[in-house]
Amino acid sequence: MNELFILGELMNNPMHGYLLHQILNGIVGPTRKVSWGALYPLIHGMLADGLIEQVPDEQPEGAKRGKGKKKKIYKLTDEGRMRFFRLMEEPIPYSPDYELHFYTKLKNFGLISKELQFLILHQYKDFLRYEIRHEEERLEYASKDERIPQGEQQYILIFFRHRLEKLRFDEEWVLQLINSHRENGEGIERE
């Protein structure tokens, strides 16, 4: 997911690592942070794989921060562009990071075909339906499990119902996006 994020950010403009770090941390939110220790090895690996390249900093000397130290500016290569599109096409594995991975793809919708947008939206809908079925099963099981103390069961059920409502809200949201694509003649319908 972080590789896709970096490639997507570099699709239009070269950037320095500090800005990539700031934007990525802005996306993952206040409770999760991407450390420099995770970001820079990824950047170095992408350099070694020929997906990105380092280019000279074009800023005038007076505009640079620090004592003359040049920022490392990274630019996407042709191989990096091809890798970006391959990553956008790959289905997202079901994992705790699924939604963040989906949002990374959604952020890049302006760079891909309407057909691929439609496919990604359908994959997200399928993921949500998988999660909804799981929550419905948990709710049913917890409501019938007599081993759970009644005082505890009450709050477990409140939590499961809340989670189910959030998932259904997200499902409705993605269905609206899919319908918007369909009504505007964008994308292709998937059965």
# chains A, B, ... in the order shown; residues from 1 in each chain; ligands from 1
>>> residues_around(residues="A:Leu51", least_positions_apart="3", cutoff="7 Å", atoms="only C-alpha atoms", output="PyMOL selection string")
chain A and resi 46-47+76-77+79-80
>>> write_last_selection(atoms="N, CA and C atoms", output="PDB file, in the first residue's frame")
ATOM      1  N   MET A  46      12.750   1.153  -3.935  1.00  0.00           N
ATOM      2  CA  MET A  46      12.140   1.582  -5.193  1.00  0.00           C
ATOM      3  C   MET A  46      13.184   2.206  -6.125  1.00  0.00           C
ATOM      4  N   LEU A  47      14.164   2.892  -5.546  1.00  0.00           N
ATOM      5  CA  LEU A  47      15.278   3.406  -6.348  1.00  0.00           C
ATOM      6  C   LEU A  47      16.067   2.246  -6.957  1.00  0.00           C
ATOM      7  N   LEU A  76       9.225   9.717 -10.781  1.00  0.00           N
ATOM      8  CA  LEU A  76       8.770   8.424 -11.267  1.00  0.00           C
ATOM      9  C   LEU A  76       9.458   8.087 -12.592  1.00  0.00           C
ATOM     10  N   THR A  77       9.826   6.823 -12.775  1.00  0.00           N
ATOM     11  CA  THR A  77      10.368   6.351 -14.043  1.00  0.00           C
ATOM     12  C   THR A  77       9.246   5.693 -14.849  1.00  0.00           C
ATOM     13  N   GLU A  79       9.165   2.623 -15.689  1.00  0.00           N
ATOM     14  CA  GLU A  79       8.899   1.360 -14.981  1.00  0.00           C
ATOM     15  C   GLU A  79       8.006   1.607 -13.762  1.00  0.00           C
ATOM     16  N   GLY A  80       8.220   2.725 -13.094  1.00  0.00           N
ATOM     17  CA  GLY A  80       7.387   3.085 -11.949  1.00  0.00           C
ATOM     18  C   GLY A  80       5.946   3.349 -12.360  1.00  0.00           C
TER      19      GLY A  80
END
>>> residues_around(residues="A:Leu20", least_positions_apart="3", cutoff="9 Å", atoms="only C-alpha atoms", output="short mmCIF file (atom, residue, chain, number, x, y, z; two decimals) with N, CA and C atoms, in the first residue's frame")
data_model
loop_
_atom_site.label_atom_id
_atom_site.label_comp_id
_atom_site.auth_asym_id
_atom_site.auth_seq_id
_atom_site.Cartn_x
_atom_site.Cartn_y
_atom_site.Cartn_z
N PHE A 5 1.03 4.27 -2.77
CA PHE A 5 0.88 5.66 -2.37
C PHE A 5 2.00 6.51 -2.97
N ILE A 6 3.25 6.08 -2.80
CA ILE A 6 4.40 6.85 -3.30
C ILE A 6 4.33 6.99 -4.82
N GLU A 9 1.63 9.47 -5.77
CA GLU A 9 2.00 10.86 -5.49
C GLU A 9 2.99 11.38 -6.53
N MET A 15 8.80 14.86 -5.99
CA MET A 15 8.67 15.31 -4.60
C MET A 15 9.88 14.87 -3.80
N HIS A 16 10.08 15.55 -2.69
CA HIS A 16 11.14 15.12 -1.77
C HIS A 16 10.52 14.20 -0.71
N GLY A 17 11.36 13.43 -0.07
CA GLY A 17 10.91 12.43 0.91
C GLY A 17 10.16 13.03 2.07
N ILE A 23 2.49 13.82 3.65
CA ILE A 23 1.22 13.50 3.00
C ILE A 23 0.74 12.12 3.43
N LEU A 24 1.64 11.15 3.46
CA LEU A 24 1.27 9.79 3.85
C LEU A 24 0.75 9.76 5.28
N ASN A 25 1.40 10.44 6.18
CA ASN A 25 0.93 10.48 7.57
C ASN A 25 -0.39 11.23 7.69
N LEU A 39 9.65 4.35 5.80
CA LEU A 39 9.54 5.03 4.52
C LEU A 39 10.84 5.01 3.72
#
>>> select_by_dssp(residues="stretch 5-67 of chain A", states="alpha helix (DSSP H)", output="ChimeraX atom specification")
/A:5-10,17-28,36-48
>>> residues_around(residues="stretch 150-159 of chain A", least_positions_apart="3", cutoff="12 Å", atoms="only C-alpha atoms", output="list in words")
Glu135, Glu136, Glu137, Arg138, Leu139, Glu140, Tyr141, Ala142, Ser143, Lys144, Asp145, Glu146, Arg147, His162, Arg163, Leu164, Glu165 and Lys166 of chain A
>>> write_last_selection(atoms="N, CA and C atoms", output="CSV table (one decimal), in the first residue's frame")
chain,number,residue,atom,x,y,z
A,135,GLU,N,-20.2,-9.7,10.8
A,135,GLU,CA,-20.8,-9.0,11.9
A,135,GLU,C,-22.2,-9.5,12.2
A,136,GLU,N,-23.0,-9.8,11.2
A,136,GLU,CA,-24.3,-10.4,11.4
A,136,GLU,C,-24.2,-11.7,12.2
A,137,GLU,N,-23.2,-12.5,11.8
A,137,GLU,CA,-23.0,-13.8,12.5
A,137,GLU,C,-22.6,-13.6,13.9
A,138,ARG,N,-21.7,-12.7,14.1
A,138,ARG,CA,-21.2,-12.4,15.5
A,138,ARG,C,-22.4,-11.9,16.4
A,139,LEU,N,-23.2,-11.0,15.8
A,139,LEU,CA,-24.3,-10.5,16.5
A,139,LEU,C,-25.3,-11.6,16.9
A,140,GLU,N,-25.6,-12.5,16.0
A,140,GLU,CA,-26.5,-13.6,16.3
A,140,GLU,C,-25.9,-14.5,17.3
A,141,TYR,N,-24.7,-14.8,17.2
A,141,TYR,CA,-24.0,-15.8,18.1
A,141,TYR,C,-24.0,-15.1,19.5
A,142,ALA,N,-23.6,-13.9,19.6
A,142,ALA,CA,-23.5,-13.2,20.9
A,142,ALA,C,-24.8,-13.0,21.6
A,143,SER,N,-25.9,-12.9,20.8
A,143,SER,CA,-27.2,-12.7,21.4
A,143,SER,C,-27.8,-14.0,21.9
A,144,LYS,N,-27.3,-15.1,21.5
A,144,LYS,CA,-27.8,-16.4,21.9
A,144,LYS,C,-26.8,-17.1,22.9
A,145,ASP,N,-25.6,-16.6,23.1
A,145,ASP,CA,-24.6,-17.3,23.9
A,145,ASP,C,-25.0,-17.0,25.4
A,146,GLU,N,-25.4,-18.0,26.0
A,146,GLU,CA,-25.8,-17.9,27.4
A,146,GLU,C,-24.7,-17.9,28.4
A,147,ARG,N,-23.5,-18.2,27.9
A,147,ARG,CA,-22.3,-18.1,28.8
A,147,ARG,C,-21.8,-16.7,29.0
A,162,HIS,N,-23.5,-1.4,16.4
A,162,HIS,CA,-22.9,-0.2,15.9
A,162,HIS,C,-22.0,-0.5,14.7
A,163,ARG,N,-21.1,-1.5,14.9
A,163,ARG,CA,-20.2,-1.9,13.8
A,163,ARG,C,-21.0,-2.2,12.5
A,164,LEU,N,-22.1,-3.0,12.7
A,164,LEU,CA,-22.9,-3.4,11.6
A,164,LEU,C,-23.5,-2.2,10.9
A,165,GLU,N,-24.0,-1.2,11.7
A,165,GLU,CA,-24.6,0.0,11.1
A,165,GLU,C,-23.5,0.8,10.3
A,166,LYS,N,-22.3,0.9,10.8
A,166,LYS,CA,-21.2,1.6,10.1
A,166,LYS,C,-20.9,0.9,8.8
>>> residues_around(residues="stretch 108-117 of chain A", least_positions_apart="4", cutoff="12 Å", atoms="only C-alpha atoms", output="CSV table (one decimal) with N, CA and C atoms, in the first residue's frame")
chain,number,residue,atom,x,y,z
A,4,LEU,N,2.3,1.9,-3.5
A,4,LEU,CA,1.2,2.4,-4.3
A,4,LEU,C,1.0,3.9,-4.0
A,5,PHE,N,1.0,4.3,-2.8
A,5,PHE,CA,0.9,5.7,-2.4
A,5,PHE,C,2.0,6.5,-3.0
A,6,ILE,N,3.3,6.1,-2.8
A,6,ILE,CA,4.4,6.9,-3.3
A,6,ILE,C,4.3,7.0,-4.8
A,7,LEU,N,4.1,5.9,-5.5
A,7,LEU,CA,4.0,5.9,-7.0
A,7,LEU,C,2.9,6.9,-7.4
A,8,GLY,N,1.7,6.8,-6.7
A,8,GLY,CA,0.6,7.7,-7.1
A,8,GLY,C,1.0,9.2,-6.9
A,9,GLU,N,1.6,9.5,-5.8
A,9,GLU,CA,2.0,10.9,-5.5
A,9,GLU,C,3.0,11.4,-6.5
A,10,LEU,N,3.8,10.5,-7.0
A,10,LEU,CA,4.9,10.9,-8.0
A,10,LEU,C,4.4,10.9,-9.4
A,11,MET,N,3.1,10.5,-9.7
A,11,MET,CA,2.6,10.4,-11.0
A,11,MET,C,2.6,11.7,-11.7
A,12,ASN,N,2.4,12.8,-11.0
A,12,ASN,CA,2.3,14.1,-11.6
A,12,ASN,C,3.5,15.0,-11.4
A,81,ARG,N,5.8,4.0,-13.5
A,81,ARG,CA,4.4,4.2,-14.0
A,81,ARG,C,3.7,2.9,-14.3
A,82,MET,N,4.4,2.0,-14.9
A,82,MET,CA,3.8,0.7,-15.2
A,82,MET,C,3.5,-0.1,-13.9
A,84,PHE,N,2.8,1.3,-11.0
A,84,PHE,CA,1.6,2.0,-10.5
A,84,PHE,C,0.3,1.4,-11.0
A,85,PHE,N,0.2,1.3,-12.4
A,85,PHE,CA,-1.0,0.8,-13.0
A,85,PHE,C,-1.2,-0.7,-12.6
A,86,ARG,N,-0.2,-1.5,-12.5
A,86,ARG,CA,-0.3,-2.9,-12.1
A,86,ARG,C,-0.9,-3.0,-10.7
A,87,LEU,N,-0.4,-2.2,-9.8
A,87,LEU,CA,-0.9,-2.2,-8.4
A,87,LEU,C,-2.3,-1.7,-8.3
A,88,MET,N,-2.7,-0.7,-9.2
A,88,MET,CA,-4.1,-0.3,-9.2
A,88,MET,C,-5.0,-1.4,-9.6
A,89,GLU,N,-4.5,-2.2,-10.5
A,89,GLU,CA,-5.3,-3.3,-11.1
A,89,GLU,C,-5.4,-4.5,-10.1
A,90,GLU,N,-4.4,-4.7,-9.3
A,90,GLU,CA,-4.4,-5.9,-8.4
A,90,GLU,C,-5.5,-5.8,-7.4
A,91,PRO,N,-6.3,-6.9,-7.1
A,91,PRO,CA,-7.2,-6.9,-6.0
A,91,PRO,C,-6.5,-6.7,-4.7
A,101,HIS,N,-6.0,0.8,2.1
A,101,HIS,CA,-5.5,0.5,0.8
A,101,HIS,C,-6.5,1.0,-0.2
A,102,PHE,N,-7.8,0.7,0.0
A,102,PHE,CA,-8.9,1.2,-0.9
A,102,PHE,C,-8.9,2.7,-1.0
A,103,TYR,N,-8.7,3.4,0.1
A,103,TYR,CA,-8.7,4.9,0.0
A,103,TYR,C,-7.5,5.4,-0.8
A,104,THR,N,-6.4,4.7,-0.7
A,104,THR,CA,-5.2,5.0,-1.5
A,104,THR,C,-5.5,4.9,-3.0
A,121,LEU,N,-14.5,-0.2,-7.2
A,121,LEU,CA,-15.6,0.0,-6.3
A,121,LEU,C,-16.4,-1.2,-6.0
A,122,HIS,N,-16.5,-2.1,-7.0
A,122,HIS,CA,-17.2,-3.4,-6.8
A,122,HIS,C,-16.4,-4.3,-5.9
A,123,GLN,N,-15.1,-4.2,-6.0
A,123,GLN,CA,-14.3,-5.0,-5.0
A,123,GLN,C,-14.5,-4.5,-3.6
A,124,TYR,N,-14.6,-3.2,-3.4
A,124,TYR,CA,-14.8,-2.7,-2.1
A,124,TYR,C,-16.2,-3.1,-1.6
A,174,VAL,N,-20.8,3.2,-1.2
A,174,VAL,CA,-20.1,2.7,-2.3
A,174,VAL,C,-21.2,2.3,-3.4
A,177,LEU,N,-21.8,5.4,-5.3
A,177,LEU,CA,-20.8,5.7,-6.3
A,177,LEU,C,-20.9,4.8,-7.5
A,178,ILE,N,-21.2,3.5,-7.3
A,178,ILE,CA,-21.4,2.6,-8.4
A,178,ILE,C,-22.5,3.0,-9.3
A,180,SER,N,-23.8,6.0,-9.6
A,180,SER,CA,-23.4,7.2,-10.3
A,180,SER,C,-22.6,6.9,-11.5
A,181,HIS,N,-21.7,6.0,-11.4
A,181,HIS,CA,-20.9,5.6,-12.6
A,181,HIS,C,-21.8,5.0,-13.7
A,182,ARG,N,-22.7,4.2,-13.2
A,182,ARG,CA,-23.6,3.5,-14.2
A,182,ARG,C,-24.6,4.5,-14.8
A,184,ASN,N,-24.2,7.7,-15.3
A,184,ASN,CA,-23.4,8.6,-16.2
A,184,ASN,C,-22.8,7.9,-17.4
A,185,GLY,N,-23.1,6.6,-17.5
A,185,GLY,CA,-22.5,5.9,-18.6
A,185,GLY,C,-21.1,5.6,-18.5
A,186,GLU,N,-20.5,5.7,-17.3
A,186,GLU,CA,-19.1,5.5,-17.1
A,186,GLU,C,-18.9,4.1,-16.6
A,187,GLY,N,-17.8,3.5,-17.0
A,187,GLY,CA,-17.5,2.2,-16.6
A,187,GLY,C,-18.3,1.1,-17.2
A,188,ILE,N,-18.2,-0.1,-16.8
A,188,ILE,CA,-18.9,-1.2,-17.3
A,188,ILE,C,-19.6,-1.9,-16.2
A,189,GLU,N,-20.7,-2.5,-16.4
A,189,GLU,CA,-21.5,-3.2,-15.4
A,189,GLU,C,-20.9,-4.6,-15.2
A,190,ARG,N,-20.7,-4.9,-13.9
A,190,ARG,CA,-20.2,-6.2,-13.5
A,190,ARG,C,-21.2,-7.0,-12.9
>>> closest_residue(among="A:Arg168, A:Arg83, A:Arg161, A:His44", to="A:Lys125", atoms="only C-alpha atoms")
A:Arg168
>>> atom_distance(atom1="atom CA of A:Gln22", atom2="atom CA of A:Gly37")
14.1 Å
>>> residues_around(residues="A:Lys72", least_positions_apart="6", cutoff="12 Å", atoms="only C-alpha atoms", output="ChimeraX atom specification")
/A:14-20,40,43-44,47,52-59,64
>>> write_last_selection(atoms="C-alpha atoms", output="PDB file, in the first residue's frame")
ATOM      1  CA  PRO A  14       8.543  15.011  -8.408  1.00  0.00           C
ATOM      2  CA  MET A  15       8.671  15.315  -4.602  1.00  0.00           C
ATOM      3  CA  HIS A  16      11.137  15.121  -1.773  1.00  0.00           C
ATOM      4  CA  GLY A  17      10.912  12.434   0.906  1.00  0.00           C
ATOM      5  CA  TYR A  18       9.867  14.841   3.646  1.00  0.00           C
ATOM      6  CA  LEU A  19       6.758  15.889   1.696  1.00  0.00           C
ATOM      7  CA  LEU A  20       5.909  12.261   0.878  1.00  0.00           C
ATOM      8  CA  TYR A  40      13.192   5.476   3.588  1.00  0.00           C
ATOM      9  CA  ILE A  43      12.177   4.601  -1.152  1.00  0.00           C
ATOM     10  CA  HIS A  44      15.680   3.095  -1.391  1.00  0.00           C
ATOM     11  CA  LEU A  47      15.278   3.406  -6.348  1.00  0.00           C
ATOM     12  CA  ILE A  52      11.809   6.046  -9.083  1.00  0.00           C
ATOM     13  CA  GLU A  53      14.948   8.095  -9.598  1.00  0.00           C
ATOM     14  CA  GLN A  54      16.608  10.907  -7.735  1.00  0.00           C
ATOM     15  CA  VAL A  55      16.746  14.202  -9.637  1.00  0.00           C
ATOM     16  CA  PRO A  56      18.490  17.509  -8.863  1.00  0.00           C
ATOM     17  CA  ASP A  57      16.679  19.985  -6.647  1.00  0.00           C
ATOM     18  CA  GLU A  58      15.651  22.845  -8.930  1.00  0.00           C
ATOM     19  CA  GLN A  59      14.842  25.336  -6.135  1.00  0.00           C
ATOM     20  CA  LYS A  64      16.135  25.973   0.482  1.00  0.00           C
TER      21      LYS A  64
END
>>> select_by_dssp(residues="stretch 41-190 of chain A", states="strand (DSSP E)", output="list in words")
Ile52, Glu53, Gln54, Val55, Ile73, Tyr74, Lys75 and Leu76 of chain A
>>> write_last_selection(atoms="C-alpha atoms", output="PDB file, in the first residue's frame")
ATOM      1  CA  ILE A  52      11.809   6.046  -9.083  1.00  0.00           C
ATOM      2  CA  GLU A  53      14.948   8.095  -9.598  1.00  0.00           C
ATOM      3  CA  GLN A  54      16.608  10.907  -7.735  1.00  0.00           C
ATOM      4  CA  VAL A  55      16.746  14.202  -9.637  1.00  0.00           C
ATOM      5  CA  ILE A  73      13.875  14.918  -4.987  1.00  0.00           C
ATOM      6  CA  TYR A  74      12.311  11.739  -6.378  1.00  0.00           C
ATOM      7  CA  LYS A  75      10.738  11.311  -9.789  1.00  0.00           C
ATOM      8  CA  LEU A  76       8.770   8.424 -11.267  1.00  0.00           C
TER       9      LEU A  76
END
>>> atom_distance(atom1="atom CA of A:Leu106", atom2="atom CA of A:Trp36")
24.6 Å
